[in-house]
file final25.tsv (TSV, C-alpha atoms)
chain	number	residue	atom	x	y	z
A	295	MET	CA	69.73	46.09	-64.43
A	296	SER	CA	70.08	42.90	-66.45
A	297	ASP	CA	66.37	42.34	-66.91
A	298	GLU	CA	65.09	40.75	-70.11
A	299	LEU	CA	61.74	42.46	-69.68
A	300	PRO	CA	62.56	45.95	-68.44
A	301	SER	CA	58.91	47.00	-68.24
A	302	LEU	CA	58.30	44.55	-65.41
A	303	LEU	CA	58.08	46.17	-62.03
A	304	THR	CA	60.36	45.04	-59.22
A	305	THR	CA	57.94	44.93	-56.31
A	306	TRP	CA	60.04	43.36	-53.54
A	307	ARG	CA	63.73	42.96	-52.75
A	308	GLY	CA	65.27	41.21	-49.77
A	309	THR	CA	67.29	38.36	-48.37
A	310	VAL	CA	66.08	34.89	-47.37
A	311	LEU	CA	65.90	34.89	-43.57
A	312	SER	CA	66.82	31.96	-41.32
A	313	GLU	CA	63.26	31.74	-39.96
A	314	TRP	CA	61.95	31.05	-43.48
A	315	VAL	CA	64.14	27.99	-44.03
A	316	ASP	CA	62.75	24.47	-43.46
A	317	TYR	CA	64.28	21.16	-42.41
A	318	ASN	CA	65.55	20.61	-45.95
A	319	GLY	CA	67.73	23.72	-45.55
A	320	HIS	CA	65.89	25.92	-48.02
A	321	LEU	CA	63.06	28.38	-48.23
A	322	ARG	CA	59.84	26.70	-47.02
A	323	ASP	CA	57.02	26.62	-49.60
A	324	ALA	CA	54.82	28.94	-47.55
A	325	PHE	CA	57.51	31.61	-47.33
A	326	TYR	CA	57.82	31.88	-51.08
A	327	MET	CA	54.17	32.89	-50.79
A	328	LEU	CA	55.13	35.44	-48.12
A	329	LEU	CA	57.61	37.09	-50.51
A	330	PHE	CA	54.90	37.17	-53.17
A	331	SER	CA	52.48	38.61	-50.62
A	332	TYR	CA	55.01	41.37	-49.85
A	333	ALA	CA	55.36	41.89	-53.61
A	334	THR	CA	51.60	42.45	-53.85
A	335	ASP	CA	51.94	45.05	-51.09
A	336	GLY	CA	54.73	46.61	-53.18
A	337	PHE	CA	52.47	46.65	-56.22
A	338	MET	CA	49.64	48.19	-54.19
A	339	ASP	CA	52.03	50.99	-53.22
A	340	GLN	CA	52.51	51.68	-56.97
A	341	ILE	CA	48.81	51.95	-57.79
A	342	GLY	CA	47.70	54.25	-54.99
A	343	LEU	CA	46.78	51.59	-52.43
A	344	ASP	CA	49.65	52.25	-50.03
A	345	VAL	CA	48.81	52.99	-46.37
A	346	ALA	CA	47.70	56.56	-47.13
A	347	GLY	CA	45.71	55.49	-50.20
A	348	ARG	CA	43.95	52.74	-48.29
A	349	ALA	CA	43.10	55.13	-45.46
A	350	ALA	CA	41.78	57.79	-47.86
A	351	SER	CA	39.68	55.43	-50.01
A	352	GLY	CA	38.67	52.81	-47.46
A	353	HIS	CA	39.67	50.26	-50.10
A	354	SER	CA	42.12	47.40	-49.97
A	355	LEU	CA	42.86	44.30	-52.06
A	356	PHE	CA	42.07	40.78	-50.88
A	357	THR	CA	43.63	37.68	-52.44
A	358	MET	CA	40.93	35.38	-53.81
A	359	GLU	CA	43.11	32.75	-55.37
A	360	ALA	CA	46.79	32.02	-55.93
A	361	HIS	CA	48.85	29.47	-57.84
A	362	ILE	CA	52.53	28.85	-57.14
A	363	ASN	CA	55.16	26.98	-59.09
A	364	TYR	CA	58.33	26.06	-57.26
A	365	VAL	CA	61.14	25.91	-59.81
A	366	LYS	CA	64.40	26.08	-57.87
A	367	GLU	CA	65.48	25.74	-54.27
A	368	VAL	CA	66.52	28.96	-52.54
A	369	LYS	CA	68.81	28.92	-49.53
A	370	GLU	CA	69.15	31.17	-46.50
A	371	GLY	CA	70.99	34.43	-47.07
A	372	VAL	CA	70.36	34.60	-50.82
A	373	ALA	CA	69.40	38.05	-52.13
A	374	VAL	CA	66.25	37.79	-54.20
A	375	GLU	CA	63.67	40.01	-55.86
A	376	VAL	CA	60.16	39.72	-57.22
A	377	ARG	CA	59.19	41.14	-60.63
A	378	THR	CA	55.54	41.67	-61.40
A	379	GLN	CA	53.40	41.70	-64.53
A	380	VAL	CA	49.74	42.71	-64.77
A	381	LEU	CA	47.89	40.00	-66.73
A	382	ALA	CA	44.30	41.20	-66.71
A	383	HIS	CA	41.69	43.18	-64.80
A	384	ASP	CA	38.05	44.09	-64.77
A	385	ALA	CA	36.17	46.75	-62.79
A	386	LYS	CA	37.09	45.24	-59.43
A	387	ARG	CA	39.43	42.30	-60.04
A	388	LEU	CA	43.13	42.26	-60.81
A	389	GLN	CA	45.13	39.30	-62.08
A	390	ILE	CA	48.86	39.60	-61.58
A	391	TYR	CA	51.92	37.41	-62.03
A	392	HIS	CA	54.94	37.52	-59.78
A	393	ALA	CA	58.24	35.80	-60.49
A	394	LEU	CA	61.08	35.37	-57.99
A	395	TYR	CA	64.68	35.80	-59.14
A	396	ARG	CA	68.08	36.09	-57.57
A	397	SER	CA	68.94	39.80	-57.45
A	398	GLU	CA	69.51	40.91	-61.02
A	399	GLY	CA	69.22	37.25	-62.08
A	400	LEU	CA	67.45	35.98	-65.20
A	401	SER	CA	66.32	32.55	-64.13
A	402	VAL	CA	62.93	32.10	-62.46
A	403	LEU	CA	63.13	30.51	-58.99
A	404	ALA	CA	59.37	30.45	-58.46
A	405	ALA	CA	56.25	31.96	-59.99
A	406	ASN	CA	52.96	33.04	-58.50
A	407	GLU	CA	49.74	34.02	-60.19
A	408	GLN	CA	47.19	35.86	-58.05
A	409	MET	CA	43.60	36.96	-58.46
A	410	LEU	CA	42.92	39.96	-56.25
A	411	ILE	CA	39.66	41.74	-55.54
A	412	ASN	CA	39.09	45.32	-54.50
A	413	VAL	CA	37.13	45.57	-51.26
A	414	ASP	CA	35.64	48.34	-49.17
A	415	VAL	CA	36.88	47.60	-45.67
A	416	THR	CA	35.21	50.52	-43.92
A	417	GLY	CA	32.10	48.59	-42.91
A	418	SER	CA	34.14	46.64	-40.39
A	419	ASP	CA	31.14	45.49	-38.37
A	420	THR	CA	29.27	44.16	-41.35
A	421	GLY	CA	32.40	42.85	-43.04
A	422	ALA	CA	34.22	43.87	-46.19
A	423	PHE	CA	32.43	43.87	-49.55
A	424	SER	CA	33.82	43.98	-53.06
A	425	THR	CA	33.54	47.20	-55.01
A	426	ALA	CA	34.94	48.89	-58.14
A	427	PHE	CA	38.48	50.26	-58.04
A	428	ALA	CA	38.70	53.97	-57.24
A	429	PRO	CA	39.20	55.95	-60.51
A	430	ARG	CA	42.75	56.95	-59.58
A	431	VAL	CA	43.67	53.31	-58.88
A	432	MET	CA	42.01	52.15	-62.11
A	433	GLU	CA	44.11	54.65	-64.08
A	434	GLU	CA	47.29	53.17	-62.63
A	435	ILE	CA	46.14	49.61	-63.31
A	436	GLN	CA	45.33	50.51	-66.91
A	437	ARG	CA	48.73	52.15	-67.29
A	438	TYR	CA	50.43	48.88	-66.23
A	439	MET	CA	48.05	46.86	-68.39
A	440	MET	CA	49.11	48.92	-71.43
A	441	LEU	CA	52.75	48.42	-70.54
A	442	HIS	CA	52.50	44.69	-69.78
A	443	GLY	CA	49.78	43.64	-72.21
A	444	THR	CA	52.26	43.35	-75.08
A	445	LEU	CA	54.63	41.03	-73.19
A	446	PRO	CA	54.50	37.29	-73.82
A	447	CYS	CA	52.22	35.27	-71.54
A	448	PRO	CA	54.45	34.10	-68.70
A	449	LYS	CA	55.44	30.44	-68.56
A	450	TYR	CA	53.59	29.45	-65.38
A	451	ALA	CA	50.37	31.43	-65.90
A	452	GLY	CA	47.01	29.72	-66.33
A	453	ARG	CA	48.03	26.33	-65.01
A	454	ARG	CA	45.96	23.74	-63.23
A	455	ILE	CA	47.50	21.03	-61.04
A	456	ALA	CA	47.59	17.47	-62.36
A	457	LEU	CA	49.89	14.50	-62.74
A	458	PRO	CA	51.80	14.63	-66.05
A	459	ASN	CA	49.88	11.69	-67.53
A	460	SER	CA	46.50	12.51	-66.02
A	461	LEU	CA	43.63	12.67	-68.50
A	462	SER	CA	41.88	15.31	-66.47
A	463	GLY	CA	44.80	17.66	-66.20
A	464	TRP	CA	46.51	20.55	-67.92
A	465	ALA	CA	48.86	18.28	-69.88
A	466	GLN	CA	46.23	17.43	-72.48
A	467	LEU	CA	44.85	20.93	-72.96
B	365	MET	CA	33.66	14.95	-34.56
B	366	SER	CA	31.08	16.65	-36.77
B	367	ASP	CA	32.84	15.90	-40.02
B	368	GLU	CA	30.82	15.24	-43.16
B	369	LEU	CA	33.63	13.14	-44.60
B	370	PRO	CA	35.00	11.13	-41.69
B	371	SER	CA	37.63	9.38	-43.79
B	372	LEU	CA	39.47	12.66	-44.26
B	373	LEU	CA	42.58	12.97	-42.15
B	374	THR	CA	42.97	15.95	-39.82
B	375	THR	CA	46.61	16.88	-40.45
B	376	TRP	CA	46.99	20.11	-38.48
B	377	ARG	CA	45.22	21.81	-35.59
B	378	GLY	CA	46.05	25.17	-34.03
B	379	THR	CA	45.12	28.75	-33.36
B	380	VAL	CA	45.68	31.78	-35.59
B	381	LEU	CA	48.64	33.66	-34.09
B	382	SER	CA	49.01	37.45	-33.90
B	383	GLU	CA	52.12	37.37	-36.11
B	384	TRP	CA	50.09	35.82	-38.94
B	385	VAL	CA	47.53	38.61	-39.08
B	386	ASP	CA	47.86	41.43	-41.65
B	387	TYR	CA	46.84	45.09	-41.73
B	388	ASN	CA	43.27	44.08	-42.56
B	389	GLY	CA	43.06	42.29	-39.20
B	390	HIS	CA	42.93	38.75	-40.53
B	391	LEU	CA	45.15	35.86	-41.49
B	392	ARG	CA	47.57	37.02	-44.24
B	393	ASP	CA	47.33	35.05	-47.49
B	394	ALA	CA	50.83	33.59	-47.10
B	395	PHE	CA	50.07	32.24	-43.63
B	396	TYR	CA	47.14	30.19	-44.87
B	397	MET	CA	49.83	28.53	-46.98
B	398	LEU	CA	51.93	28.04	-43.83
B	399	LEU	CA	49.06	26.15	-42.17
B	400	PHE	CA	48.74	24.02	-45.29
B	401	SER	CA	52.50	23.47	-45.28
B	402	TYR	CA	52.28	22.28	-41.66
B	403	ALA	CA	49.41	20.04	-42.74
B	404	THR	CA	51.64	18.46	-45.38
B	405	ASP	CA	54.20	17.81	-42.62
B	406	GLY	CA	51.36	16.22	-40.63
B	407	PHE	CA	50.45	14.05	-43.60
B	408	MET	CA	54.10	13.04	-44.08
B	409	ASP	CA	54.11	11.88	-40.45
B	410	GLN	CA	51.21	9.55	-41.36
B	411	ILE	CA	52.90	7.93	-44.34
B	412	GLY	CA	56.28	7.17	-42.80
B	413	LEU	CA	58.03	10.41	-43.73
B	414	ASP	CA	58.28	11.84	-40.23
B	415	VAL	CA	61.72	12.86	-38.90
B	416	ALA	CA	62.76	9.25	-38.25
B	417	GLY	CA	61.40	8.03	-41.58
B	418	ARG	CA	63.16	10.79	-43.49
B	419	ALA	CA	66.43	10.04	-41.71
B	420	ALA	CA	66.14	6.30	-42.38
B	421	SER	CA	65.18	6.58	-46.06
B	422	GLY	CA	67.02	9.74	-47.06
B	423	HIS	CA	63.76	10.77	-48.74
B	424	SER	CA	61.62	13.84	-48.32
B	425	LEU	CA	58.78	15.52	-50.22
B	426	PHE	CA	59.21	18.79	-52.07
B	427	THR	CA	56.29	20.97	-53.15
B	428	MET	CA	56.30	21.44	-56.92
B	429	GLU	CA	53.10	23.40	-57.29
B	430	ALA	CA	50.26	24.69	-55.15
B	431	HIS	CA	46.89	26.36	-55.71
B	432	ILE	CA	45.02	28.21	-52.98
B	433	ASN	CA	41.46	29.46	-52.79
B	434	TYR	CA	40.65	31.97	-50.09
B	435	VAL	CA	37.01	31.54	-49.17
B	436	LYS	CA	36.51	33.24	-45.81
B	437	GLU	CA	38.45	35.63	-43.62
B	438	VAL	CA	39.98	34.15	-40.48
B	439	LYS	CA	40.81	36.31	-37.48
B	440	GLU	CA	43.49	36.09	-34.80
B	441	GLY	CA	42.81	33.60	-32.02
B	442	VAL	CA	40.43	31.40	-34.01
B	443	ALA	CA	40.94	27.66	-33.54
B	444	VAL	CA	41.25	25.98	-36.93
B	445	GLU	CA	42.16	22.64	-38.45
B	446	VAL	CA	43.19	21.27	-41.81
B	447	ARG	CA	41.60	18.13	-43.28
B	448	THR	CA	43.39	16.33	-46.06
B	449	GLN	CA	42.36	14.15	-49.00
B	450	VAL	CA	44.67	12.23	-51.33
B	451	LEU	CA	43.63	12.98	-54.91
B	452	ALA	CA	46.14	11.04	-56.99
B	453	HIS	CA	49.66	9.70	-57.12
B	454	ASP	CA	52.15	7.99	-59.39
B	455	ALA	CA	55.48	6.31	-58.58
B	456	LYS	CA	57.03	9.48	-57.20
B	457	ARG	CA	54.37	12.20	-57.22
B	458	LEU	CA	51.54	12.84	-54.79
B	459	GLN	CA	48.58	15.17	-55.36
B	460	ILE	CA	46.77	16.16	-52.17
B	461	TYR	CA	44.00	18.55	-51.21
B	462	HIS	CA	43.88	20.40	-47.92
B	463	ALA	CA	40.88	22.34	-46.62
B	464	LEU	CA	40.90	24.68	-43.66
B	465	TYR	CA	37.97	24.70	-41.23
B	466	ARG	CA	37.15	26.16	-37.85
B	467	SER	CA	37.69	23.42	-35.28
B	468	GLU	CA	34.96	20.85	-35.85
B	469	GLY	CA	33.37	23.23	-38.37
B	470	LEU	CA	31.80	22.23	-41.67
B	471	SER	CA	32.37	25.28	-43.79
B	472	VAL	CA	35.57	25.60	-45.84
B	473	LEU	CA	37.63	28.70	-45.01
B	474	ALA	CA	40.30	28.04	-47.62
B	475	ALA	CA	41.44	25.20	-49.84
B	476	ASN	CA	44.84	24.20	-51.11
B	477	GLU	CA	45.80	21.67	-53.75
B	478	GLN	CA	49.44	20.58	-53.81
B	479	MET	CA	51.61	18.52	-56.11
B	480	LEU	CA	54.47	16.98	-54.15
B	481	ILE	CA	57.45	15.01	-55.40
B	482	ASN	CA	59.52	12.45	-53.56
B	483	VAL	CA	63.21	13.35	-53.49
B	484	ASP	CA	66.41	11.76	-52.31
B	485	VAL	CA	68.08	14.46	-50.25
B	486	THR	CA	71.16	12.50	-49.26
B	487	GLY	CA	73.30	13.79	-52.14
B	488	SER	CA	73.45	17.19	-50.47
B	489	ASP	CA	76.49	18.38	-52.45
B	490	THR	CA	75.05	17.44	-55.81
B	491	GLY	CA	71.53	18.51	-54.87
B	492	ALA	CA	68.32	16.54	-54.34
B	493	PHE	CA	66.92	14.38	-57.13
B	494	SER	CA	63.45	12.88	-57.56
B	495	THR	CA	63.01	9.16	-56.98
B	496	ALA	CA	60.26	6.57	-56.43
B	497	PHE	CA	58.53	6.43	-53.04
B	498	ALA	CA	59.99	3.86	-50.66
B	499	PRO	CA	57.76	0.71	-50.67
B	500	ARG	CA	56.57	1.31	-47.11
B	501	VAL	CA	55.57	4.90	-47.97
B	502	MET	CA	53.87	3.78	-51.18
B	503	GLU	CA	51.78	1.29	-49.20
B	504	GLU	CA	50.53	4.08	-46.96
B	505	ILE	CA	49.77	6.34	-49.91
B	506	GLN	CA	47.81	3.57	-51.60
B	507	ARG	CA	45.90	2.94	-48.40
B	508	TYR	CA	44.80	6.61	-48.31
B	509	MET	CA	44.09	6.56	-52.05
B	510	MET	CA	41.72	3.59	-51.53
B	511	LEU	CA	40.04	5.41	-48.66
B	512	HIS	CA	39.78	8.80	-50.40
B	513	GLY	CA	39.34	7.73	-54.02
B	514	THR	CA	35.61	7.17	-53.56
B	515	LEU	CA	34.97	10.64	-52.13
B	516	PRO	CA	33.59	13.36	-54.40
B	517	CYS	CA	36.14	15.57	-56.15
B	518	PRO	CA	36.60	18.56	-53.86
B	519	LYS	CA	35.13	21.88	-54.90
B	520	TYR	CA	38.36	23.82	-55.42
B	521	ALA	CA	40.48	21.09	-57.04
B	522	GLY	CA	41.74	21.38	-60.61
B	523	ARG	CA	41.21	25.10	-60.98
B	524	ARG	CA	43.11	27.58	-63.09
B	525	ILE	CA	43.10	31.31	-62.37
B	526	ALA	CA	41.11	33.58	-64.68
B	527	LEU	CA	38.65	36.46	-64.62
B	528	PRO	CA	35.04	35.18	-64.57
B	529	ASN	CA	34.35	36.34	-68.13
B	530	SER	CA	37.75	35.58	-69.57
B	531	LEU	CA	37.71	33.50	-72.74
B	532	SER	CA	41.01	31.88	-71.85
B	533	GLY	CA	40.04	30.83	-68.38
B	534	TRP	CA	38.48	28.00	-66.43
B	535	ALA	CA	34.99	29.49	-66.67
B	536	GLN	CA	34.47	28.20	-70.21
B	537	LEU	CA	35.97	24.76	-69.68
call {"tool": "encode", "arguments": {"input": "final25.tsv", "output": "structure tokens"}}
result
Amino acid sequence: MSDELPSLLTTWRGTVLSEWVDYNGHLRDAFYMLLFSYATDGFMDQIGLDVAGRAASGHSLFTMEAHINYVKEVKEGVAVEVRTQVLAHDAKRLQIYHALYRSEGLSVLAANEQMLINVDVTGSDTGAFSTAFAPRVMEEIQRYMMLHGTLPCPKYAGRRIALPNSLSGWAQL
Amino acid sequence: MSDELPSLLTTWRGTVLSEWVDYNGHLRDAFYMLLFSYATDGFMDQIGLDVAGRAASGHSLFTMEAHINYVKEVKEGVAVEVRTQVLAHDAKRLQIYHALYRSEGLSVLAANEQMLINVDVTGSDTGAFSTAFAPRVMEEIQRYMMLHGTLPCPKYAGRRIALPNSLSGWAQL
């Protein structure tokens, strides 16, 4: 595969469906987020939090925060894929970066940074509460952290939203 | 309506549908973004960029960037609404802040900051290009800016994603 960064994990592949396209004729902003949400599911499958892993541990990941950059329009029927890089983690949080490409393409169509938290969902009456990753899951996260920690910081990570000339924004930092 | 900030505009109202709910039994992260995307459509209706206004001007708004904070879980069937505040604008960009509430509720379920850009979509073969807001649209934006500019900066605006103890993150800034 023609991937500049072969250690990145491809976490979702698919085609842009007609129901995801808006009145401008391209992928609606919210459905980029859906592809990235599926990509997080794909990443969870890789670290032992697939359906069986969630059932066995009682753990799942919740999204706390997400940041999306829309770089290029994507039209219906286009084959795309999401590649994922682990940016950071602590005992119960995981910061990941997804980028959307055309299949086997090199140019970023959109990027999405997510902060996820590990939760115990078994206390369904009292609600979920955050808890440390299971040891087996932590091992997998650390394996990806080792692999991805030497890659350059991705272009759209760590951003805050502001007008280009705003004094309060990212442009001055 | 029991709204602390009555000058905010309610831009979307609806009920959480079964197809938006994930395996954890609550609104999937991407579908919060769909509600916020609908809210942007609702806001466009207010500033002269509804279907007729888009057709007449050849202009539309594209989302350049978005940041979401997930504060509380939302379950299927819950009646919710999005309230919207204009944060800033320039000649062709608009920065808005959406917050999701239970209908007539006071507690934020999720927040979404967006940077939008005005585009001329009439050159459909050559692709859309950014351009200044039409004067009539600019007047409406300025009217909301006057109304909203005196409100406090919303809690989840201007954030960047980082682990709580990260040296590179928002926590130290």
call {"tool": "interface_residues", "arguments": {"input": "final25.tsv", "of": "chain A", "to": "chain B", "cutoff": "6 Å", "atoms": "only C-alpha atoms", "output": "list in words"}}
result
Ala324, Met327, Leu328, Met358, Glu359, Ala360, His361, Ile362, Asn363, Tyr364, Gly452, Arg453, Arg454 and Ile455 of chain A
call {"tool": "residues_around", "arguments": {"input": "final25.tsv", "residues": "Lys456 of chain B", "least_positions_apart": "3", "cutoff": "9 Å", "atoms": "all atoms listed in the file", "output": "number ranges by chain"}}
result
B: 453, 480-483, 494-497, 502
call {"tool": "write_last_selection", "arguments": {"input": "final25.tsv", "atoms": "C-alpha atoms", "output": "tab-separated table (two decimals), in the coordinates of the input"}}
result
chain	number	residue	atom	x	y	z
B	453	HIS	CA	49.66	9.70	-57.12
B	480	LEU	CA	54.47	16.98	-54.15
B	481	ILE	CA	57.45	15.01	-55.40
B	482	ASN	CA	59.52	12.45	-53.56
B	483	VAL	CA	63.21	13.35	-53.49
B	494	SER	CA	63.45	12.88	-57.56
B	495	THR	CA	63.01	9.16	-56.98
B	496	ALA	CA	60.26	6.57	-56.43
B	497	PHE	CA	58.53	6.43	-53.04
B	502	MET	CA	53.87	3.78	-51.18
call {"tool": "atom_distance", "arguments": {"input": "final25.tsv", "atom1": "atom CA of His392 of chain A", "atom2": "atom CA of Phe337 of chain A"}}
result
10.1 Å
call {"tool": "atom_distance", "arguments": {"input": "final25.tsv", "atom1": "atom CA of Thr448 of chain B", "atom2": "atom CA of Gln506 of chain B"}}
result
14.6 Å
call {"tool": "closest_residue", "arguments": {"input": "final25.tsv", "among": "B:Ile460, B:Leu381, B:Val501, B:Leu372", "to": "Glu440 of chain B", "atoms": "all atoms listed in the file"}}
result
B:Leu381
call {"tool": "atom_distance", "arguments": {"input": "final25.tsv", "atom1": "atom CA of Ser471 of chain B", "atom2": "atom CA of Ile411 of chain B"}}
result
26.9 Å
call {"tool": "closest_residue", "arguments": {"input": "final25.tsv", "among": "A:Gln340, A:Ser351, A:Thr304, A:Gln379", "to": "Thr416 of chain A", "atoms": "only C-alpha atoms"}}
result
A:Ser351
call {"tool": "closest_residue", "arguments": {"input": "final25.tsv", "among": "A:Glu313, A:Leu321, A:Leu441, A:Gly308", "to": "Val376 of chain A", "atoms": "all atoms listed in the file"}}
result
A:Gly308
call {"tool": "closest_residue", "arguments": {"input": "final25.tsv", "among": "B:Thr514, B:His390, B:Asp484, B:Tyr508", "to": "Ala419 of chain B", "atoms": "all atoms listed in the file"}}
result
B:Asp484
